[in-house]
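Heads up: the structure comes next, in structure tokens.
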Amino acid sequence: MSSTDTWRKSSYSGGGDGNNCVEIATSTTHVAVRDSKAPARAALTFLRAAFARFLTVMTGPEGNPPPR
């Protein structure tokens with residue numbers, strides 16, 4: 001991803017003390033994910049469709065993948 005000024009805390013990180021969060025940055029084609037405690041470290045980058053599928057699976061009943 002070419003721009004890192006678009007990082008924001010993910011709404012999926014939950015509440016808590018605010019220090020253990022996942023930050024995301026999006027573009028038209030990709031989603032990048034990084035640890036808010038170590039923003040200088042490498043980020044993981046996914047195609048938007050793959051990240052959307054990941055969220056669908058993870059937000060299913062009790063974190064279980066939906067049946068195919």
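Residues are referred to by chain and number: the chain letter is A, B, ... according to the order shown in the structure tokens, the number counts from 1 in that chain, and ligands are numbered separately from 1 in the order shown.
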Skip Glu23 of chain A itself and residues of its chain fewer than 2 positions away, then list as a list of chain:residue names all residues within 8 Å of it, counting only C-alpha atoms.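 Here the answer would be A:Trp7, A:Arg8, A:Lys9, A:Ser10, A:Cys21, A:Ala25, A:Val33, A:Arg34, A:Asp35, A:Ser36.
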Export, as a compact mmCIF listing (two decimals), in the first residue's frame, the selected residues with C-alpha atoms.
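Produced file out.txt, reproduced below:
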```
# COMPACT_ATOMS: atom_id res chain seq x y z
CA TRP A 7 -4.24 3.80 9.60
CA ARG A 8 -7.15 3.51 12.03
CA LYS A 9 -8.04 1.20 14.86
CA SER A 10 -10.27 -1.58 13.68
CA CYS A 21 -5.55 -3.13 19.07
CA ALA A 25 -5.52 0.81 6.34
CA VAL A 33 -3.32 -4.93 9.13
CA ARG A 34 -0.76 -4.10 11.82
CA ASP A 35 -0.31 -4.30 15.58
CA SER A 36 -0.91 -0.91 17.22
```
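One finds atom CA of Val22 of chain A at 12.8 Å from atom CA of Ala42 of chain A.
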Considering only C-alpha atoms, state which residue in the set A:Asn20, A:Thr26, A:Ala32, A:Gly60 is at the smallest distance from Thr45 of chain A.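 Under the stated criterion, the closest residue is A:Ala32.
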